[in-house]
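Novice: What follows is the file upload.txt, containing compact mmCIF, C-alpha atoms:
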```
# COMPACT_ATOMS: atom_id res chain seq x y z
CA MET S 1 3.78 11.17 31.89
CA ALA S 2 4.70 12.68 28.54
CA ASP S 3 7.11 15.59 28.54
CA GLU S 4 6.44 18.75 26.55
CA GLN S 5 8.32 17.60 23.45
CA GLN S 6 6.52 14.26 23.37
CA LYS S 7 3.18 16.03 23.67
CA GLN S 8 4.01 18.25 20.70
CA VAL S 9 4.94 15.27 18.54
CA LEU S 10 1.73 13.45 19.53
CA GLN S 11 -0.35 16.52 18.71
CA TYR S 12 1.21 16.60 15.26
CA LEU S 13 0.48 12.89 14.74
CA LEU S 14 -3.13 13.48 15.78
CA TYR S 15 -3.39 16.33 13.28
CA LYS S 16 -1.75 14.45 10.41
CA SER S 17 -3.23 11.02 9.70
CA LEU S 18 -0.06 9.98 7.87
CA ILE S 19 3.49 11.31 8.06
CA SER S 20 6.59 10.37 6.11
CA ILE S 21 9.92 9.65 7.78
CA LYS S 22 11.26 12.91 6.32
CA ASP S 23 8.40 14.90 7.85
CA LEU S 24 8.87 13.17 11.21
CA GLU S 25 12.56 14.10 11.13
CA ASN S 26 11.55 17.72 10.49
CA VAL S 27 9.07 17.64 13.38
CA TYR S 28 11.79 16.19 15.62
CA ALA S 29 14.20 18.95 14.58
CA THR S 30 11.60 21.63 15.34
CA VAL S 31 10.53 20.22 18.70
CA TYR S 32 13.95 19.19 20.04
CA GLU S 33 15.87 21.97 18.25
CA ARG S 34 18.34 19.51 16.79
CA GLN S 35 18.39 17.13 13.87
CA GLY S 36 17.31 13.59 14.66
CA ARG S 37 17.68 10.53 12.49
CA GLY S 38 17.95 6.76 12.78
CA ASP S 39 18.09 5.60 16.39
CA GLU S 40 16.85 8.94 17.74
CA ILE S 41 13.63 8.67 15.73
CA ARG S 42 13.19 5.00 16.71
CA ASN S 43 13.76 5.85 20.37
CA LEU S 44 11.19 8.64 20.18
CA VAL S 45 8.60 6.30 18.66
CA LYS S 46 9.36 3.68 21.32
CA SER S 47 8.90 6.22 24.12
CA LEU S 48 5.61 7.39 22.62
CA ASN S 49 4.34 3.83 22.34
CA ASP S 50 5.18 3.18 26.00
CA LEU S 51 2.97 6.15 26.88
CA LEU S 52 0.18 5.13 24.50
CA LYS S 53 0.04 1.43 25.41
CA PRO S 54 -2.57 1.76 28.23
CA ALA S 55 -4.90 3.49 25.77
CA GLN S 56 -4.35 0.72 23.19
CA LEU S 57 -2.93 3.21 20.73
CA ALA S 58 0.42 3.05 18.96
CA VAL S 59 2.63 4.83 16.48
CA LYS S 60 3.25 2.31 13.72
CA SER S 61 5.20 2.50 10.49
CA ARG S 62 5.57 0.59 7.25
CA LEU S 63 6.90 1.11 3.75
CA CYS S 64 4.71 2.45 0.98
CA GLU S 65 4.06 -0.31 -1.55
CA ASP S 66 4.79 2.12 -4.38
CA SER S 67 7.65 4.38 -3.31
CA ASN S 68 9.34 2.23 -0.64
CA GLU S 69 9.29 5.31 1.61
CA GLU S 70 8.56 4.79 5.30
CA TYR S 71 5.41 6.38 6.75
CA PHE S 72 4.16 6.67 10.34
CA ALA S 73 0.63 6.86 11.71
CA LEU S 74 -1.03 6.98 15.12
CA ILE S 75 -3.40 4.02 15.03
CA ASN S 76 -5.92 2.29 17.25
CA LEU S 77 -4.92 -1.26 18.17
CA ILE S 78 -8.56 -2.28 18.62
CA GLU S 79 -9.83 -3.38 15.19
CA SER S 80 -13.42 -2.30 15.79
CA GLU S 81 -12.31 1.14 16.96
CA ALA S 82 -10.01 1.59 13.96
CA ALA S 83 -12.91 0.79 11.65
CA LYS S 84 -14.96 3.52 13.33
CA HIS S 85 -12.67 6.11 11.76
CA THR S 86 -14.50 5.44 8.51
CA LEU S 87 -17.81 6.50 10.09
CA GLU S 88 -17.04 10.08 9.10
CA PHE S 89 -18.72 9.05 5.82
CA SER S 90 -22.45 8.80 5.13
CA ALA S 91 -24.05 5.37 4.72
CA PRO S 92 -23.94 5.48 0.87
CA GLU S 93 -20.34 6.73 0.95
CA LEU S 94 -19.41 3.95 3.34
CA ASP S 95 -21.00 1.38 1.02
CA LEU S 96 -18.84 2.73 -1.80
CA PHE S 97 -15.75 2.66 0.41
CA LYS S 98 -16.36 -0.99 1.36
CA TRP S 99 -16.86 -1.91 -2.31
CA ILE S 100 -13.57 -0.22 -3.24
CA LEU S 101 -11.75 -2.11 -0.48
CA LYS S 102 -13.11 -5.43 -1.78
CA GLU S 103 -12.27 -4.59 -5.39
CA ILE S 104 -8.69 -3.61 -4.60
CA VAL S 105 -7.89 -6.72 -2.57
CA SER S 106 -9.40 -8.93 -5.30
CA THR S 107 -6.94 -7.70 -7.95
CA GLU S 108 -3.35 -8.66 -8.60
CA THR S 109 -2.44 -5.02 -9.26
CA GLY S 110 -3.78 -3.72 -5.93
CA SER S 111 -5.76 -0.98 -7.65
CA VAL S 112 -9.09 -0.24 -9.30
CA SER S 113 -9.96 2.44 -11.84
CA SER S 114 -11.59 5.62 -10.54
CA THR S 115 -14.10 5.31 -13.40
CA ASP S 116 -15.26 1.94 -12.06
CA CYS S 117 -15.58 3.47 -8.59
CA ILE S 118 -17.80 6.26 -9.84
CA ASN S 119 -19.88 3.98 -12.06
CA HIS S 120 -20.54 1.66 -9.12
CA SER S 121 -22.77 4.42 -7.71
CA ALA S 122 -25.51 2.95 -9.92
CA ASN S 123 -25.59 -0.01 -7.52
CA ILE S 124 -25.82 2.11 -4.36
CA PRO S 125 -29.13 3.75 -3.40
CA LYS S 126 -29.05 7.52 -2.94
CA LEU S 127 -25.57 7.87 -4.45
CA SER S 128 -25.29 9.67 -7.78
CA LYS S 129 -22.14 9.79 -9.90
CA THR S 130 -21.54 13.32 -8.66
CA ASP S 131 -21.89 12.09 -5.07
CA ALA S 132 -19.49 9.22 -5.81
CA GLN S 133 -16.87 11.65 -7.12
CA LYS S 134 -17.27 13.79 -4.00
CA ALA S 135 -16.95 10.65 -1.85
CA LEU S 136 -13.73 9.67 -3.65
CA ASP S 137 -12.35 13.14 -2.96
CA LYS S 138 -13.17 12.67 0.72
CA PHE S 139 -11.39 9.30 0.78
CA PHE S 140 -8.32 10.90 -0.79
CA ALA S 141 -8.37 13.89 1.59
CA ALA S 142 -8.59 11.56 4.61
CA GLN S 143 -5.67 9.57 3.16
CA TRP S 144 -7.55 6.28 3.14
CA LEU S 145 -7.05 6.04 -0.62
CA LYS S 146 -4.82 7.62 -3.26
CA GLU S 147 -5.09 8.02 -7.02
CA ARG S 148 -2.65 8.30 -9.89
CA GLU S 149 -3.36 8.11 -13.60
CA GLY S 150 -6.93 7.05 -12.94
CA GLU S 151 -6.00 4.17 -10.64
CA VAL S 152 -7.15 4.10 -7.01
CA SER S 153 -5.16 2.19 -4.40
CA PHE S 154 -4.52 1.98 -0.66
CA THR S 155 -2.38 4.39 1.32
CA VAL S 156 -0.10 3.27 4.12
CA ARG S 157 -2.80 4.44 6.55
CA THR S 158 -5.24 1.84 5.21
CA LEU S 159 -2.63 -0.93 5.37
CA LEU S 160 -1.72 0.01 8.95
CA GLU S 161 -5.21 0.51 10.39
CA LEU S 162 -7.40 -1.84 8.40
CA GLU S 163 -5.10 -4.80 7.72
CA PRO S 164 -7.17 -7.28 9.80
CA MET S 165 -10.30 -6.19 7.94
CA LEU S 166 -8.58 -6.47 4.56
CA LYS S 167 -7.46 -10.03 5.28
CA LYS S 168 -11.04 -10.95 6.14
CA LEU S 169 -12.19 -9.56 2.80
CA ASP S 170 -9.92 -11.94 0.88
CA ASP S 171 -8.41 -15.13 2.25
CA ASP S 172 -5.82 -15.15 -0.55
CA LEU S 173 -4.06 -12.04 0.75
CA GLU S 174 -0.62 -12.98 2.05
CA ASP S 175 2.41 -11.31 3.56
CA CYS S 176 5.48 -10.58 1.48
CA ARG S 177 8.01 -13.39 1.97
CA VAL S 178 10.82 -10.84 2.39
CA CYS S 179 9.48 -8.15 4.77
CA ASN S 180 6.57 -10.14 6.28
CA LYS S 181 4.18 -7.22 5.68
CA LEU S 182 0.86 -7.54 3.89
CA ALA S 183 1.42 -7.50 0.11
CA VAL S 184 -1.57 -6.00 -1.71
CA LYS S 185 0.42 -4.68 -4.68
CA ARG S 186 2.55 -7.70 -5.33
CA VAL S 187 4.31 -9.95 -7.79
CA VAL S 188 4.20 -13.73 -7.62
CA CYS S 189 7.03 -16.18 -8.12
CA PRO S 190 6.58 -17.72 -11.60
CA GLU S 191 7.61 -21.16 -10.37
CA GLU S 192 4.32 -23.08 -10.46
CA SER S 193 5.17 -25.14 -7.39
CA CYS S 194 6.19 -22.01 -5.43
CA GLY S 195 3.81 -19.09 -5.87
CA ALA S 196 5.43 -16.96 -3.14
CA LYS S 197 4.30 -13.33 -3.12
CA PHE S 198 6.52 -10.26 -2.80
CA HIS S 199 6.52 -6.50 -2.93
CA ARG S 200 8.29 -5.34 -6.07
CA TYR S 201 10.95 -3.45 -4.11
CA CYS S 202 11.51 -6.38 -1.73
CA ILE S 203 12.22 -8.96 -4.44
CA SER S 204 14.27 -6.36 -6.33
CA ARG S 205 16.57 -6.07 -3.31
CA LEU S 206 17.23 -9.80 -3.69
CA LYS S 207 18.15 -9.26 -7.35
CA LEU S 208 14.97 -11.05 -8.49
CA LYS S 209 15.94 -14.35 -6.92
CA CYS S 210 13.09 -16.04 -5.06
CA PRO S 211 14.20 -16.87 -1.50
CA ASN S 212 11.56 -19.57 -1.32
CA CYS S 213 12.55 -21.68 -4.35
CA ASN S 214 15.76 -19.96 -5.53
CA ARG S 215 14.41 -19.35 -9.03
CA LYS S 216 15.95 -16.38 -10.86
CA TRP S 217 13.48 -14.10 -12.62
CA ALA S 218 14.23 -12.36 -15.90
CA SER S 219 12.28 -9.23 -15.06
CA LEU S 220 9.42 -8.04 -12.88
CA ASP S 221 7.69 -6.82 -16.02
CA ASP S 222 8.18 -9.96 -18.11
CA GLU S 223 4.66 -11.23 -18.84
CA ASN S 224 5.62 -14.84 -18.29
CA ASN S 225 8.35 -14.05 -15.75
CA LEU S 226 10.83 -16.30 -17.55
CA SER S 227 14.15 -17.28 -16.04
CA GLN S 228 17.17 -15.22 -17.03
CA THR S 229 18.56 -18.06 -19.12
CA SER S 230 15.37 -18.60 -21.06
CA ALA S 231 14.99 -14.88 -21.65
CA SER S 232 18.50 -14.63 -23.05
CA GLN S 233 17.86 -17.56 -25.37
CA ASN S 234 14.64 -16.04 -26.62
CA LEU S 235 16.34 -12.71 -27.19
CA SER S 236 19.07 -14.23 -29.35
CA GLN S 237 16.47 -16.14 -31.37
CA THR S 238 14.39 -13.05 -32.09
CA GLN S 239 17.17 -10.57 -32.90
CA SER S 240 17.09 -11.62 -36.55
CA GLN S 241 13.30 -11.42 -36.65
CA THR S 242 10.85 -8.57 -36.39
CA PRO S 243 11.49 -6.74 -33.09
CA SER S 244 8.80 -7.22 -30.52
CA THR S 245 7.25 -4.42 -28.50
CA SER S 246 8.83 -4.06 -25.08
CA SER S 247 6.67 -4.36 -21.99
CA SER S 248 7.35 -0.71 -21.15
CA GLU S 249 5.61 0.32 -24.39
CA ALA S 250 2.47 -1.68 -23.69
CA PRO S 251 -0.61 0.47 -22.96
CA ARG S 252 -1.58 0.93 -19.33
CA ARG S 253 -4.67 -0.86 -18.02
CA GLN S 254 -7.58 1.55 -17.87
CA ASN S 255 -10.56 -0.58 -16.91
CA GLY S 256 -9.94 -1.86 -13.43
CA GLY S 257 -7.91 -4.57 -11.79
CA VAL S 258 -6.78 -7.92 -13.10
CA ARG S 259 -8.46 -10.77 -11.30
CA ARG S 260 -6.52 -13.47 -9.55
CA GLY S 261 -5.75 -16.51 -11.62
CA ARG S 262 -4.18 -14.53 -14.46
CA SER S 263 -0.50 -15.36 -15.06
CA ARG S 264 0.47 -11.86 -16.10
CA LEU S 265 2.39 -9.88 -13.50
CA GLU S 266 1.35 -6.26 -13.38
CA SER S 267 1.83 -3.55 -10.80
CA ASP S 268 1.04 0.16 -10.59
CA ASP S 269 4.14 2.00 -9.39
CA SER S 270 2.28 5.22 -8.70
CA ASP S 271 2.93 7.05 -5.49
```
Go ahead and express the file in the form of structure tokens.
Specialist:
Amino acid sequence: MADEQQKQVLQYLLYKSLISIKDLENVYATVYERQGRGDEIRNLVKSLNDLLKPAQLAVKSRLCEDSNEEYFALINLIESEAAKHTLEFSAPELDLFKWILKEIVSTETGSVSSTDCINHSANIPKLSKTDAQKALDKFFAAQWLKEREGEVSFTVRTLLELEPMLKKLDDDLEDCRVCNKLAVKRVVCPEESCGAKFHRYCISRLKLKCPNCNRKWASLDDENNLSQTSASQNLSQTQSQTPSTSSSEAPRRQNGGVRRGRSRLESDDSD
């Protein structure tokens, strides 16, 4: 049986659909009247999961694909039950939500423009553009989706609760070769015979060296993802010529995701 402190933490997790590690540490400090970090937080989560196991619920965590910050959520371990959380939406809103899920997993950037989401209302009966905007706001408020600079992408909640569904939507979705978590926003090893997929922060921790084929990348933002040696050679050859525009100065994509099959590596680092 849960003690009083465990009950308070569970009530907070029920109230908040998604909570950062920092917020969980603050909740721990309030409930237990002492600061808790590291092993204390892990032990608390483990004790909660022992209590929740008979109900097929669990407190799970994973890193945000954008910020690399850890988030926690109380999720249903039964896929069909987890999907029922989306039934808070009307039928037209749910059709829009499903379309957004499919669009996001079909892109290399892991995002789709909010304009495309709203315009898709023309393909959904009884959903005007105004209704679509209101639906998007509901998705954001429920923390199923997030938006930055006009780009809509998944939150950690979606990755935690709907991962099995997302994998069914696109067979090409794979786990990151470093952390073994689903990589929706990802970069791909430029070695043609490799093609391993990674989160940007995961491969960055390995100093851009692919653990699958040992190829060294020049940069995550290099359009052709050239090796460091090739990039250095190209740089020396072009120094005496007209300077080229750096990748950081290139305009942001505004019209939706880039389909698979393109060689360019792009990623939205919004939070």
Novice: Please measure the separation of CA of Leu48 in chain S and CA of Leu10 in chain S, giving the value in Å to one decimal.
Specialist: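 CA of Leu10 in chain S lies 7.8 Å from CA of Leu48 in chain S.
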Novice: Please enclose the listed atoms of range 103-122 of chain S in an axis-aligned box, pad each side by 4 Å, and write out the centre and the three edge lengths in Å, rounded to one decimal, as JSON.
Specialist:
```
{"center_x": -14.0, "center_y": -1.3, "center_z": -8.0, "size_x": 31.1, "size_y": 23.2, "size_z": 18.8}
```
Novice: Find the residues near range 189-201 of chain S: any atom within 8 Å, counting only C-alpha atoms, skip ones fewer than 4 places away on the same chain, and give them as a list in words.
Specialist: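 Here the answer would be Glu65, Asn68, Glu174, Asp175, Cys176, Arg177, Val178, Ala183, Lys185, Arg205, Cys210, Asn212, Cys213, Arg215, Trp217, Leu220, Asn224, Asn225 and Leu226 of chain S.
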Novice: Quick check, in Å to one decimal: how far apart do CA of Leu24 in chain S and CA of Glu69 in chain S lie?
Specialist: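 According to the coordinates, CA of Leu24 in chain S and CA of Glu69 in chain S are separated by 12.4 Å.
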Novice: Closest to Ile100 in chain S among S:Leu51, S:Leu136, S:Leu74, S:Val188, using all atoms listed in the file?
Specialist: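 Of S:Leu51, S:Leu136, S:Leu74, S:Val188, the one nearest Ile100 in chain S, counting all atoms listed in the file, is S:Leu136.
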Novice: Nearest residue to Thr109 in chain S out of S:Val27, S:Ile124, S:Leu206, S:Val152, using only C-alpha atoms?
Specialist: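 Ranked by minimum distance to Thr109 in chain S, first place goes to S:Val152.
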Novice: Which value, in Å to one decimal, gives the distance between CA of Lys138 in chain S and CA of Val184 in chain S?
Specialist: 22.1 Å
Novice: Taking only C-alpha atoms into account, which of S:Ser90, S:Lys146, S:Asp39, S:Val9 comes nearest Asn26 in chain S?
Specialist: S:Val9
Novice: Choose the residue, out of S:Gln143, S:Thr30, S:Ser47, S:Ser114, that has the smallest atom-to-atom separation from Leu159 in chain S; count all atoms listed in the file.
Specialist: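 Once distances to Leu159 in chain S are computed over all atoms listed in the file, the minimum belongs to S:Gln143.
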Novice: For each of S:Ile21, S:Cys64, S:Leu145, S:Leu96, take the minimum atom-to-atom distance to Cys202 in chain S, counting only C-alpha atoms, then give the residue where this is smallest.
Specialist: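 Between S:Ile21, S:Cys64, S:Leu145, S:Leu96, the residue approaching Cys202 in chain S most closely is S:Cys64.
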Novice: Find the residues around Lys102 in chain S up to 8 Å (only C-alpha atoms counted), leave out those fewer than 4 positions away in its own chain, and share them as number ranges by chain.
Specialist: S: 98, 106, 166, 169-170
Novice: Given all atoms listed in the file as the basis, pick out the residue of S:Lys129, S:Glu151, S:Val59, S:Asp95 nearest to Val112 in chain S.
Specialist: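 Answer, going by the shortest atom-to-atom distance: S:Glu151.
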Novice: Residues near Glu25 in chain S, anyone? I mean within 8 Å using only C-alpha atoms, not counting same-chain ones fewer than 4 positions away, as a PDB file with C-alpha atoms, in the frame of the given file.
Specialist:
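After the write, part.pdb holds the following:
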```pdb
ATOM      1  CA  ILE S  21       9.920   9.650   7.780  1.00  0.00           C
ATOM      2  CA  ALA S  29      14.200  18.950  14.580  1.00  0.00           C
ATOM      3  CA  GLN S  35      18.390  17.130  13.870  1.00  0.00           C
ATOM      4  CA  GLY S  36      17.310  13.590  14.660  1.00  0.00           C
ATOM      5  CA  ARG S  37      17.680  10.530  12.490  1.00  0.00           C
ATOM      6  CA  ILE S  41      13.630   8.670  15.730  1.00  0.00           C
TER       7      ILE S  41
END
```
